Structures are given as C-alpha cells and as structure tokens.
file work.pdb (PDB, C-alpha atoms)
ATOM      1  CA  MET A   1     100.084  83.610  95.099
ATOM      2  CA  ALA A   2     101.264  87.097  96.060
ATOM      3  CA  ARG A   3     104.904  87.461  96.967
ATOM      4  CA  ALA A   4     105.539  88.587 100.557
ATOM      5  CA  GLY A   5     106.209  92.314 100.773
ATOM      6  CA  VAL A   6     104.805  93.096  97.325
ATOM      7  CA  THR A   7     101.595  95.103  97.608
ATOM      8  CA  VAL A   8      99.571  97.153  95.172
ATOM      9  CA  GLU A   9     100.625 100.290  97.052
ATOM     10  CA  ARG A  10     104.334  99.424  96.911
ATOM     11  CA  LEU A  11     104.016  98.631  93.212
ATOM     12  CA  ALA A  12     102.327 101.973  92.514
ATOM     13  CA  VAL A  13     105.030 103.895  94.406
ATOM     14  CA  ALA A  14     107.829 101.964  92.669
ATOM     15  CA  ALA A  15     106.176 102.508  89.282
ATOM     16  CA  ALA A  16     105.867 106.245  90.064
ATOM     17  CA  GLU A  17     109.573 106.355  90.927
ATOM     18  CA  LEU A  18     110.354 104.587  87.654
ATOM     19  CA  ALA A  19     108.150 107.053  85.790
ATOM     20  CA  ASP A  20     110.214 109.922  87.206
ATOM     21  CA  GLU A  21     113.399 108.161  86.095
ATOM     22  CA  VAL A  22     112.485 106.900  82.616
ATOM     23  CA  GLY A  23     109.180 108.558  81.705
ATOM     24  CA  PHE A  24     105.623 107.546  82.471
ATOM     25  CA  GLU A  25     104.900 105.990  79.074
ATOM     26  CA  LYS A  26     108.005 103.792  79.285
ATOM     27  CA  VAL A  27     107.052 102.088  82.577
ATOM     28  CA  THR A  28     106.145  98.432  82.051
ATOM     29  CA  VAL A  29     105.183  95.545  84.274
ATOM     30  CA  ALA A  30     108.404  93.801  83.212
ATOM     31  CA  MET A  31     110.496  96.790  84.263
ATOM     32  CA  LEU A  32     108.720  96.916  87.608
ATOM     33  CA  ALA A  33     109.230  93.171  88.110
ATOM     34  CA  ARG A  34     112.973  93.624  87.571
ATOM     35  CA  ARG A  35     113.002  96.373  90.206
ATOM     36  CA  PHE A  36     111.384  93.988  92.703
ATOM     37  CA  GLY A  37     113.547  91.044  91.637
ATOM     38  CA  VAL A  38     110.562  88.918  90.679
ATOM     39  CA  ARG A  39     109.111  87.435  87.508
ATOM     40  CA  ASP A  40     106.591  89.480  85.536
ATOM     41  CA  ALA A  41     103.880  86.896  86.124
ATOM     42  CA  SER A  42     104.099  87.316  89.903
ATOM     43  CA  LEU A  43     102.961  90.946  89.631
ATOM     44  CA  TYR A  44      99.764  90.032  87.823
ATOM     45  CA  SER A  45      98.208  88.987  91.129
ATOM     46  CA  HIS A  46      98.440  92.699  92.041
ATOM     47  CA  VAL A  47      97.890  94.510  88.721
ATOM     48  CA  ARG A  48      95.859  93.251  85.754
ATOM     49  CA  ASN A  49      98.061  94.713  83.016
ATOM     50  CA  ALA A  50     100.147  97.752  82.031
ATOM     51  CA  HIS A  51      97.040  99.940  81.747
ATOM     52  CA  ASP A  52      95.983  99.040  85.293
ATOM     53  CA  LEU A  53      99.485  99.898  86.499
ATOM     54  CA  ARG A  54      99.348 103.288  84.739
ATOM     55  CA  VAL A  55      95.957 104.025  86.284
ATOM     56  CA  ARG A  56      97.360 103.282  89.730
ATOM     57  CA  VAL A  57     100.320 105.604  89.136
ATOM     58  CA  ALA A  58      97.947 108.289  87.853
ATOM     59  CA  LEU A  59      95.795 107.991  90.983
ATOM     60  CA  LEU A  60      98.876 108.189  93.207
ATOM     61  CA  ALA A  61     100.154 111.249  91.337
ATOM     62  CA  LEU A  62      96.779 113.006  91.475
ATOM     63  CA  ALA A  63      96.601 112.430  95.231
ATOM     64  CA  GLU A  64     100.173 113.616  95.823
ATOM     65  CA  LEU A  65      99.664 116.700  93.683
ATOM     66  CA  ALA A  66      96.364 117.505  95.416
ATOM     67  CA  ASP A  67      98.079 117.289  98.813
ATOM     68  CA  HIS A  68     100.945 119.477  97.588
ATOM     69  CA  VAL A  69      98.569 122.104  96.182
ATOM     70  CA  ALA A  70      96.314 122.049  99.263
ATOM     71  CA  THR A  71      99.296 122.669 101.538
ATOM     72  CA  ALA A  72     100.450 125.553  99.344
ATOM     73  CA  LEU A  73      96.964 127.119  99.238
ATOM     74  CA  ALA A  74      96.261 126.946 102.971
ATOM     75  CA  GLY A  75      95.274 130.376 104.295
ATOM     76  CA  ARG A  76      95.800 132.186 100.989
ATOM     77  CA  ALA A  77      93.415 134.177  98.808
ATOM     78  CA  GLY A  78      93.460 136.278  95.647
ATOM     79  CA  LYS A  79      96.739 136.662  93.813
ATOM     80  CA  ASP A  80      98.650 135.082  96.688
ATOM     81  CA  ALA A  81      96.526 131.934  96.251
ATOM     82  CA  LEU A  82      96.974 131.991  92.473
ATOM     83  CA  VAL A  83     100.751 132.193  92.818
ATOM     84  CA  ALA A  84     100.854 129.430  95.453
ATOM     85  CA  PHE A  85      98.558 127.242  93.337
ATOM     86  CA  ALA A  86     100.636 127.760  90.198
ATOM     87  CA  ASN A  87     103.965 127.312  91.968
ATOM     88  CA  ALA A  88     102.779 124.065  93.562
ATOM     89  CA  HIS A  89     101.886 122.677  90.124
ATOM     90  CA  ARG A  90     105.155 123.830  88.581
ATOM     91  CA  ASP A  91     107.230 122.526  91.479
ATOM     92  CA  TYR A  92     105.585 119.105  91.350
ATOM     93  CA  ALA A  93     105.932 118.881  87.566
ATOM     94  CA  LEU A  94     109.634 119.762  87.641
ATOM     95  CA  ARG A  95     110.487 117.542  90.629
ATOM     96  CA  HIS A  96     108.374 114.589  89.454
ATOM     97  CA  PRO A  97     108.142 114.659  85.661
ATOM     98  CA  GLY A  98     106.906 111.090  85.336
ATOM     99  CA  ARG A  99     104.307 111.467  88.047
ATOM    100  CA  TYR A 100     103.199 114.770  86.567
ATOM    101  CA  ALA A 101     102.722 113.029  83.208
ATOM    102  CA  ALA A 102     100.753 110.330  85.020
ATOM    103  CA  ALA A 103      98.473 112.966  86.540
ATOM    104  CA  GLN A 104      97.510 113.896  82.948
ATOM    105  CA  PHE A 105      96.610 110.281  82.074
ATOM    106  CA  ASP A 106      93.155 109.853  80.544
ATOM    107  CA  LEU A 107      91.048 108.129  83.213
ATOM    108  CA  ASP A 108      87.507 106.850  82.729
ATOM    109  CA  ASP A 109      84.648 108.787  84.313
ATOM    110  CA  ASP A 110      84.059 106.291  87.147
ATOM    111  CA  THR A 111      87.732 106.374  88.142
ATOM    112  CA  ILE A 112      87.821 110.166  88.001
ATOM    113  CA  ALA A 113      84.743 110.369  90.222
ATOM    114  CA  THR A 114      86.523 108.507  93.018
ATOM    115  CA  SER A 115      89.956 110.085  92.580
ATOM    116  CA  ALA A 116      91.774 113.184  93.790
ATOM    117  CA  ALA A 117      90.847 114.809  90.469
ATOM    118  CA  ILE A 118      87.708 115.978  92.290
ATOM    119  CA  ARG A 119      89.879 117.741  94.890
ATOM    120  CA  HIS A 120      91.802 119.460  92.086
ATOM    121  CA  SER A 121      88.569 120.735  90.599
ATOM    122  CA  GLU A 122      87.295 121.930  93.979
ATOM    123  CA  MET A 123      90.547 123.735  94.789
ATOM    124  CA  THR A 124      90.619 125.425  91.391
ATOM    125  CA  ARG A 125      87.019 126.572  91.745
ATOM    126  CA  ALA A 126      87.724 127.815  95.279
ATOM    127  CA  LEU A 127      90.690 129.801  93.980
ATOM    128  CA  LEU A 128      88.540 131.325  91.234
ATOM    129  CA  ARG A 129      85.760 132.311  93.654
ATOM    130  CA  GLY A 130      88.189 134.971  94.846
ATOM    131  CA  TYR A 131      87.959 136.480  91.373
ATOM    132  CA  HIS A 132      84.125 136.410  91.387
ATOM    133  CA  LEU A 133      83.821 134.532  88.106
ATOM    134  CA  PRO A 134      80.353 133.207  87.292
ATOM    135  CA  GLU A 135      79.739 130.314  84.931
ATOM    136  CA  PRO A 136      80.635 129.831  82.128
ATOM    137  CA  ALA A 137      83.587 132.171  82.788
ATOM    138  CA  GLN A 138      84.745 129.969  85.674
ATOM    139  CA  THR A 139      84.986 126.904  83.425
ATOM    140  CA  ASP A 140      86.816 128.938  80.794
ATOM    141  CA  ALA A 141      89.256 130.206  83.442
ATOM    142  CA  ILE A 142      89.887 126.668  84.715
ATOM    143  CA  ARG A 143      90.769 125.592  81.191
ATOM    144  CA  LEU A 144      92.991 128.632  80.730
ATOM    145  CA  LEU A 145      94.882 128.014  83.986
ATOM    146  CA  HIS A 146      95.419 124.325  83.270
ATOM    147  CA  SER A 147      96.512 125.013  79.696
ATOM    148  CA  THR A 148      98.905 127.751  80.788
ATOM    149  CA  PHE A 149     100.463 125.794  83.640
ATOM    150  CA  HIS A 150     100.717 122.558  81.677
ATOM    151  CA  GLY A 151     102.091 124.253  78.591
ATOM    152  CA  TYR A 152     104.644 126.249  80.551
ATOM    153  CA  VAL A 153     106.018 123.346  82.592
ATOM    154  CA  THR A 154     106.051 121.078  79.537
ATOM    155  CA  LEU A 155     108.114 123.594  77.584
ATOM    156  CA  GLU A 156     110.345 124.353  80.569
ATOM    157  CA  SER A 157     111.005 120.705  81.402
ATOM    158  CA  THR A 158     112.035 119.970  77.810
ATOM    159  CA  GLY A 159     114.530 122.845  77.734
ATOM    160  CA  ARG A 160     112.585 125.093  75.383
ATOM    161  CA  PHE A 161     113.402 128.243  77.371
ATOM    162  CA  ARG A 162     117.176 127.837  77.465
ATOM    163  CA  HIS A 163     117.713 129.878  74.279
ATOM    164  CA  THR A 164     117.090 133.305  75.812
ATOM    165  CA  ALA A 165     118.773 135.359  78.493
ATOM    166  CA  ARG A 166     115.541 135.874  80.456
ATOM    167  CA  THR A 167     115.189 133.191  83.108
ATOM    168  CA  PRO A 168     112.189 130.860  83.188
ATOM    169  CA  ASP A 169     111.478 132.114  86.732
ATOM    170  CA  ALA A 170     111.197 135.704  85.514
ATOM    171  CA  SER A 171     108.851 134.718  82.700
ATOM    172  CA  TRP A 172     106.830 132.546  85.091
ATOM    173  CA  SER A 173     106.377 135.495  87.433
ATOM    174  CA  ALA A 174     105.277 137.712  84.542
ATOM    175  CA  THR A 175     102.863 134.998  83.393
ATOM    176  CA  LEU A 176     101.282 134.835  86.849
ATOM    177  CA  ASP A 177     100.973 138.637  86.951
ATOM    178  CA  ALA A 178      99.235 138.527  83.567
ATOM    179  CA  LEU A 179      96.887 135.731  84.676
ATOM    180  CA  ASP A 180      95.973 137.655  87.823
ATOM    181  CA  ALA A 181      95.222 140.769  85.759
ATOM    182  CA  LEU A 182      93.104 138.764  83.335
ATOM    183  CA  LEU A 183      91.179 136.975  86.095
ATOM    184  CA  THR A 184      90.593 140.301  87.868
ATOM    185  CA  HIS A 185      89.251 141.891  84.686
ATOM    186  CA  TRP A 186      87.633 138.891  83.025
ATOM    187  CA  PRO A 187      85.356 139.791  80.102
ATOM    188  CA  HIS A 188      81.909 138.701  81.380
ATOM    189  CA  ALA A 189      79.631 140.231  78.773
ATOM    190  CA  ASN A 190      77.729 138.163  76.242
ATOM    191  CA  GLN A 191      79.372 134.792  76.837
ATOM    192  CA  PRO A 192      77.485 131.937  75.191
ATOM    193  CA  THR A 193      77.150 128.775  77.239
TER     194      THR A 193
END
call {"tool": "encode", "arguments": {"input": "work.pdb", "output": "structure tokens"}}
result
Amino acid sequence: MARAGVTVERLAVAAAELADEVGFEKVTVAMLARRFGVRDASLYSHVRNAHDLRVRVALLALAELADHVATALAGRAGKDALVAFANAHRDYALRHPGRYAAAQFDLDDDTIATSAAIRHSEMTRALLRGYHLPEPAQTDAIRLLHSTFHGYVTLESTGRFRHTARTPDASWSATLDALDALLTHWPHANQPT
C-alpha cells in the first residue's frame, strides 16, 4: 500500500535533490526512504528498483533542462542563440550537478522517444538551421556542441580550471566565439555520410 503523500513525482524530485547533494550515481532507494522517513520496501510500490529511480530522475532532469534552454533561446537567432543555448546548459550543469549527470544517463530507445530528449534535439537542430548546415554536417555539429559543452562543464565543475589566472568565464566566452566562427564557416565539401 502506498504511503499517503508519497508519489512517484515527489520521489523523483527528492531523488533529484539528493543527486545534486551527493551525486547522481550515489542516490539509492534506501537513501530516498530515509529522506521520507519510511522503510525502503514502502517505496517499491512507486519505483521498481534503483534503475527505475534513476530513469525517473533522468526524465525529470531532461525536462527541466529543456525548459531552461527553451526559455533562454526564445526570440534569439545566430550567435545570440548559440550563446544563450550554451549558457543555459552551463548554468544548469553548475547549479544542478546531480541532475545534469542524470540528464546524461543512458536511456533505452523507447524511453528516449517519449522524453524531453526529443525537445533537446529539436532545439539544437533549430539553432543550427541559423548556420545553414546540411546533413551530415548538422549531425557532426550537434555532436561537437554536446561534446564541447559537456566536456567544459565537467572540467569546470571538478575544479580543473583553477590552476590558471584566466577565468573560466573568459575561456567560455572565447570557446563560444570559436564555435560560432566554426559553425559559420563549416567545411561542407566532400563529407562522407
């Protein structure tokens, strides 16, 4: 029997909060049960297991991030859109490290198809239409953007940039300038599919 006040949605939000506090991979059903003041077994009427809980946190994080990015992109185009898009990802990753890690969780194809991951793909492709990239260049650019953003925020959040006088913000700005220049002058010729 489900405990009054405990819902799948409340569990996902609480697990996301825990992920931000202790790290996404460290969140367990037992830890979540302690937060709610209940026995582990009582949560299994809401989530099947730890994997199911992680999937729910991933879906929540993908939806939150998509909303955050969509708000940042509204009414923007070109480099302005690229900067807003990138800053929204960086901001979310730095403010919600556990949720950001959850958004990278490997979901099965059926789950992806019904998740906010589709919105992320659509927003990225819309951003890149401003750079007039045909396929397969558009797919390559999507992979480049994700790799750059993810790599940068991962290094920044683990303190890897603290050893130099140049601020992470200054390097981030230079990175976005370089990405804009590359996207504007993307090498289209002779790309195999």
call {"tool": "closest_atom_pairs", "arguments": {"input": "work.pdb", "of": "segment 72-132 of chain A", "to": "segment 152-171 of chain A", "cutoff": "8 Å", "atoms": "all atoms listed in the file", "output": "JSON lines"}}
result
{"residue": "A:Arg90", "atom": "CA", "partner": "A:Val153", "partner_atom": "CA", "distance": 6.1}
{"residue": "A:Ala93", "atom": "CA", "partner": "A:Val153", "partner_atom": "CA", "distance": 6.7}
{"residue": "A:Leu94", "atom": "CA", "partner": "A:Ser157", "partner_atom": "CA", "distance": 6.5}
{"residue": "A:Pro97", "atom": "CA", "partner": "A:Ser157", "partner_atom": "CA", "distance": 7.9}
call {"tool": "closest_residue", "arguments": {"input": "work.pdb", "among": "A:Ala86, A:Leu53, A:Ala126, A:Val13", "to": "Ser147 of chain A", "atoms": "all atoms listed in the file"}}
result
A:Ala86
call {"tool": "atom_distance", "arguments": {"input": "work.pdb", "atom1": "atom CA of Pro136 of chain A", "atom2": "atom CA of Ser121 of chain A"}}
result
14.7 Å
call {"tool": "resolve_selection", "arguments": {"input": "work.pdb", "expression": "the PyMOL selection byres ((chain A and resi 104) around 12)", "output": "ChimeraX atom specification"}}
result
/A:24-25,54-55,57-62,65,93,97-103,105-107,112,117,146-147,150,154
call {"tool": "residues_around", "arguments": {"input": "work.pdb", "residues": "Gly130 of chain A", "least_positions_apart": "6", "cutoff": "10 Å", "atoms": "only C-alpha atoms", "output": "list of chain:residue names"}}
result
A:Ala77, A:Gly78, A:Lys79, A:Ala81, A:Leu82, A:Leu183, A:Thr184
call {"tool": "residues_around", "arguments": {"input": "work.pdb", "residues": "Thr28 of chain A", "least_positions_apart": "5", "cutoff": "12 Å", "atoms": "only C-alpha atoms", "output": "list in words"}}
result
Leu11, Ala12, Ala14, Ala15, Ala16, Leu18, Ala19, Val22, Gly23, Ala33, Arg34, Arg35, Asp40, Leu43, Val47, Asn49, Ala50, His51, Asp52, Leu53, Arg54 and Val57 of chain A
call {"tool": "closest_residue", "arguments": {"input": "work.pdb", "among": "A:Ser45, A:Gly75, A:Trp186, A:Val83", "to": "His132 of chain A", "atoms": "all atoms listed in the file"}}
result
A:Trp186
call {"tool": "atom_distance", "arguments": {"input": "work.pdb", "atom1": "atom CA of Ala70 of chain A", "atom2": "atom CA of Asp91 of chain A"}}
result
13.4 Å
call {"tool": "atom_distance", "arguments": {"input": "work.pdb", "atom1": "atom CA of Asp140 of chain A", "atom2": "atom CA of Asp108 of chain A"}}
result
22.2 Å
call {"tool": "closest_residue", "arguments": {"input": "work.pdb", "among": "A:Leu176, A:Val27, A:Leu133, A:Leu182", "to": "Phe85 of chain A", "atoms": "only C-alpha atoms"}}
result
A:Leu176
call {"tool": "closest_residue", "arguments": {"input": "work.pdb", "among": "A:Ile142, A:Leu128, A:Met31, A:Ala116", "to": "Asp67 of chain A", "atoms": "all atoms listed in the file"}}
result
A:Ala116
call {"tool": "closest_residue", "arguments": {"input": "work.pdb", "among": "A:Leu179, A:Ala113, A:Ala137, A:Ala88", "to": "Ala72 of chain A", "atoms": "all atoms listed in the file"}}
result
A:Ala88
call {"tool": "closest_residue", "arguments": {"input": "work.pdb", "among": "A:Val8, A:Ala141, A:Val29, A:Ala66", "to": "His46 of chain A", "atoms": "only C-alpha atoms"}}
result
A:Val8
call {"tool": "build_atoms", "arguments": {"input": "work.pdb", "residues": "segment 112-146 of chain A", "atoms": "N, CA and C atoms", "output": "JSON list (two decimals), in the frame of the given file"}}
result
[["chain", "number", "residue", "atom", "x", "y", "z"],
["A", 112, "ILE", "N", 87.68, 108.74, 87.66],
["A", 112, "ILE", "CA", 87.82, 110.17, 88.00],
["A", 112, "ILE", "C", 86.94, 110.53, 89.18],
["A", 113, "ALA", "N", 85.72, 110.02, 89.19],
["A", 113, "ALA", "CA", 84.74, 110.37, 90.22],
["A", 113, "ALA", "C", 85.18, 109.95, 91.62],
["A", 114, "THR", "N", 86.07, 108.98, 91.71],
["A", 114, "THR", "CA", 86.52, 108.51, 93.02],
["A", 114, "THR", "C", 87.99, 108.86, 93.28],
["A", 115, "SER", "N", 88.53, 109.75, 92.47],
["A", 115, "SER", "CA", 89.96, 110.08, 92.58],
["A", 115, "SER", "C", 90.16, 111.49, 93.14],
["A", 116, "ALA", "N", 91.41, 111.84, 93.33],
["A", 116, "ALA", "CA", 91.77, 113.18, 93.79],
["A", 116, "ALA", "C", 91.55, 114.24, 92.72],
["A", 117, "ALA", "N", 91.17, 113.83, 91.51],
["A", 117, "ALA", "CA", 90.85, 114.81, 90.47],
["A", 117, "ALA", "C", 89.72, 115.72, 90.94],
["A", 118, "ILE", "N", 88.81, 115.18, 91.74],
["A", 118, "ILE", "CA", 87.71, 115.98, 92.29],
["A", 118, "ILE", "C", 88.26, 117.07, 93.21],
["A", 119, "ARG", "N", 89.25, 116.74, 94.02],
["A", 119, "ARG", "CA", 89.88, 117.74, 94.89],
["A", 119, "ARG", "C", 90.53, 118.85, 94.07],
["A", 120, "HIS", "N", 91.17, 118.46, 92.96],
["A", 120, "HIS", "CA", 91.80, 119.46, 92.09],
["A", 120, "HIS", "C", 90.75, 120.43, 91.56],
["A", 121, "SER", "N", 89.64, 119.89, 91.11],
["A", 121, "SER", "CA", 88.57, 120.74, 90.60],
["A", 121, "SER", "C", 88.03, 121.66, 91.69],
["A", 122, "GLU", "N", 87.81, 121.12, 92.86],
["A", 122, "GLU", "CA", 87.30, 121.93, 93.98],
["A", 122, "GLU", "C", 88.27, 123.03, 94.38],
["A", 123, "MET", "N", 89.55, 122.72, 94.42],
["A", 123, "MET", "CA", 90.55, 123.74, 94.79],
["A", 123, "MET", "C", 90.63, 124.82, 93.73],
["A", 124, "THR", "N", 90.56, 124.44, 92.46],
["A", 124, "THR", "CA", 90.62, 125.42, 91.39],
["A", 124, "THR", "C", 89.40, 126.34, 91.45],
["A", 125, "ARG", "N", 88.23, 125.76, 91.64],
["A", 125, "ARG", "CA", 87.02, 126.57, 91.74],
["A", 125, "ARG", "C", 87.06, 127.47, 92.98],
["A", 126, "ALA", "N", 87.59, 126.98, 94.07],
["A", 126, "ALA", "CA", 87.72, 127.82, 95.28],
["A", 126, "ALA", "C", 88.65, 128.99, 95.02],
["A", 127, "LEU", "N", 89.76, 128.73, 94.35],
["A", 127, "LEU", "CA", 90.69, 129.80, 93.98],
["A", 127, "LEU", "C", 89.97, 130.85, 93.13],
["A", 128, "LEU", "N", 89.20, 130.40, 92.16],
["A", 128, "LEU", "CA", 88.54, 131.32, 91.23],
["A", 128, "LEU", "C", 87.37, 132.08, 91.86],
["A", 129, "ARG", "N", 86.81, 131.56, 92.95],
["A", 129, "ARG", "CA", 85.76, 132.31, 93.65],
["A", 129, "ARG", "C", 86.29, 133.65, 94.14],
["A", 130, "GLY", "N", 87.57, 133.71, 94.44],
["A", 130, "GLY", "CA", 88.19, 134.97, 94.85],
["A", 130, "GLY", "C", 88.21, 136.01, 93.74],
["A", 131, "TYR", "N", 88.01, 135.57, 92.52],
["A", 131, "TYR", "CA", 87.96, 136.48, 91.37],
["A", 131, "TYR", "C", 86.52, 136.75, 90.92],
["A", 132, "HIS", "N", 85.55, 136.17, 91.63],
["A", 132, "HIS", "CA", 84.12, 136.41, 91.39],
["A", 132, "HIS", "C", 83.72, 136.09, 89.95],
["A", 133, "LEU", "N", 84.16, 134.94, 89.47],
["A", 133, "LEU", "CA", 83.82, 134.53, 88.11],
["A", 133, "LEU", "C", 82.58, 133.65, 88.11],
["A", 134, "PRO", "N", 81.53, 134.07, 87.42],
["A", 134, "PRO", "CA", 80.35, 133.21, 87.29],
["A", 134, "PRO", "C", 80.59, 132.18, 86.18],
["A", 135, "GLU", "N", 79.70, 131.22, 86.08],
["A", 135, "GLU", "CA", 79.74, 130.31, 84.93],
["A", 135, "GLU", "C", 79.18, 131.05, 83.72],
["A", 136, "PRO", "N", 79.63, 130.81, 82.54],
["A", 136, "PRO", "CA", 80.64, 129.83, 82.13],
["A", 136, "PRO", "C", 82.07, 130.35, 82.22],
["A", 137, "ALA", "N", 82.24, 131.59, 82.70],
["A", 137, "ALA", "CA", 83.59, 132.17, 82.79],
["A", 137, "ALA", "C", 84.49, 131.34, 83.70],
["A", 138, "GLN", "N", 83.93, 130.77, 84.76],
["A", 138, "GLN", "CA", 84.74, 129.97, 85.67],
["A", 138, "GLN", "C", 85.32, 128.74, 84.96],
["A", 139, "THR", "N", 84.50, 128.07, 84.18],
["A", 139, "THR", "CA", 84.99, 126.90, 83.42],
["A", 139, "THR", "C", 86.05, 127.33, 82.42],
["A", 140, "ASP", "N", 85.82, 128.44, 81.75],
["A", 140, "ASP", "CA", 86.82, 128.94, 80.79],
["A", 140, "ASP", "C", 88.13, 129.26, 81.50],
["A", 141, "ALA", "N", 88.05, 129.86, 82.68],
["A", 141, "ALA", "CA", 89.26, 130.21, 83.44],
["A", 141, "ALA", "C", 89.99, 128.96, 83.91],
["A", 142, "ILE", "N", 89.26, 127.93, 84.31],
["A", 142, "ILE", "CA", 89.89, 126.67, 84.72],
["A", 142, "ILE", "C", 90.68, 126.09, 83.55],
["A", 143, "ARG", "N", 90.09, 126.12, 82.38],
["A", 143, "ARG", "CA", 90.77, 125.59, 81.19],
["A", 143, "ARG", "C", 91.99, 126.44, 80.84],
["A", 144, "LEU", "N", 91.86, 127.74, 80.99],
["A", 144, "LEU", "CA", 92.99, 128.63, 80.73],
["A", 144, "LEU", "C", 94.14, 128.36, 81.70],
["A", 145, "LEU", "N", 93.83, 128.26, 82.99],
["A", 145, "LEU", "CA", 94.88, 128.01, 83.99],
["A", 145, "LEU", "C", 95.58, 126.69, 83.71],
["A", 146, "HIS", "N", 94.80, 125.63, 83.50],
["A", 146, "HIS", "CA", 95.42, 124.32, 83.27],
["A", 146, "HIS", "C", 96.27, 124.35, 82.01]]
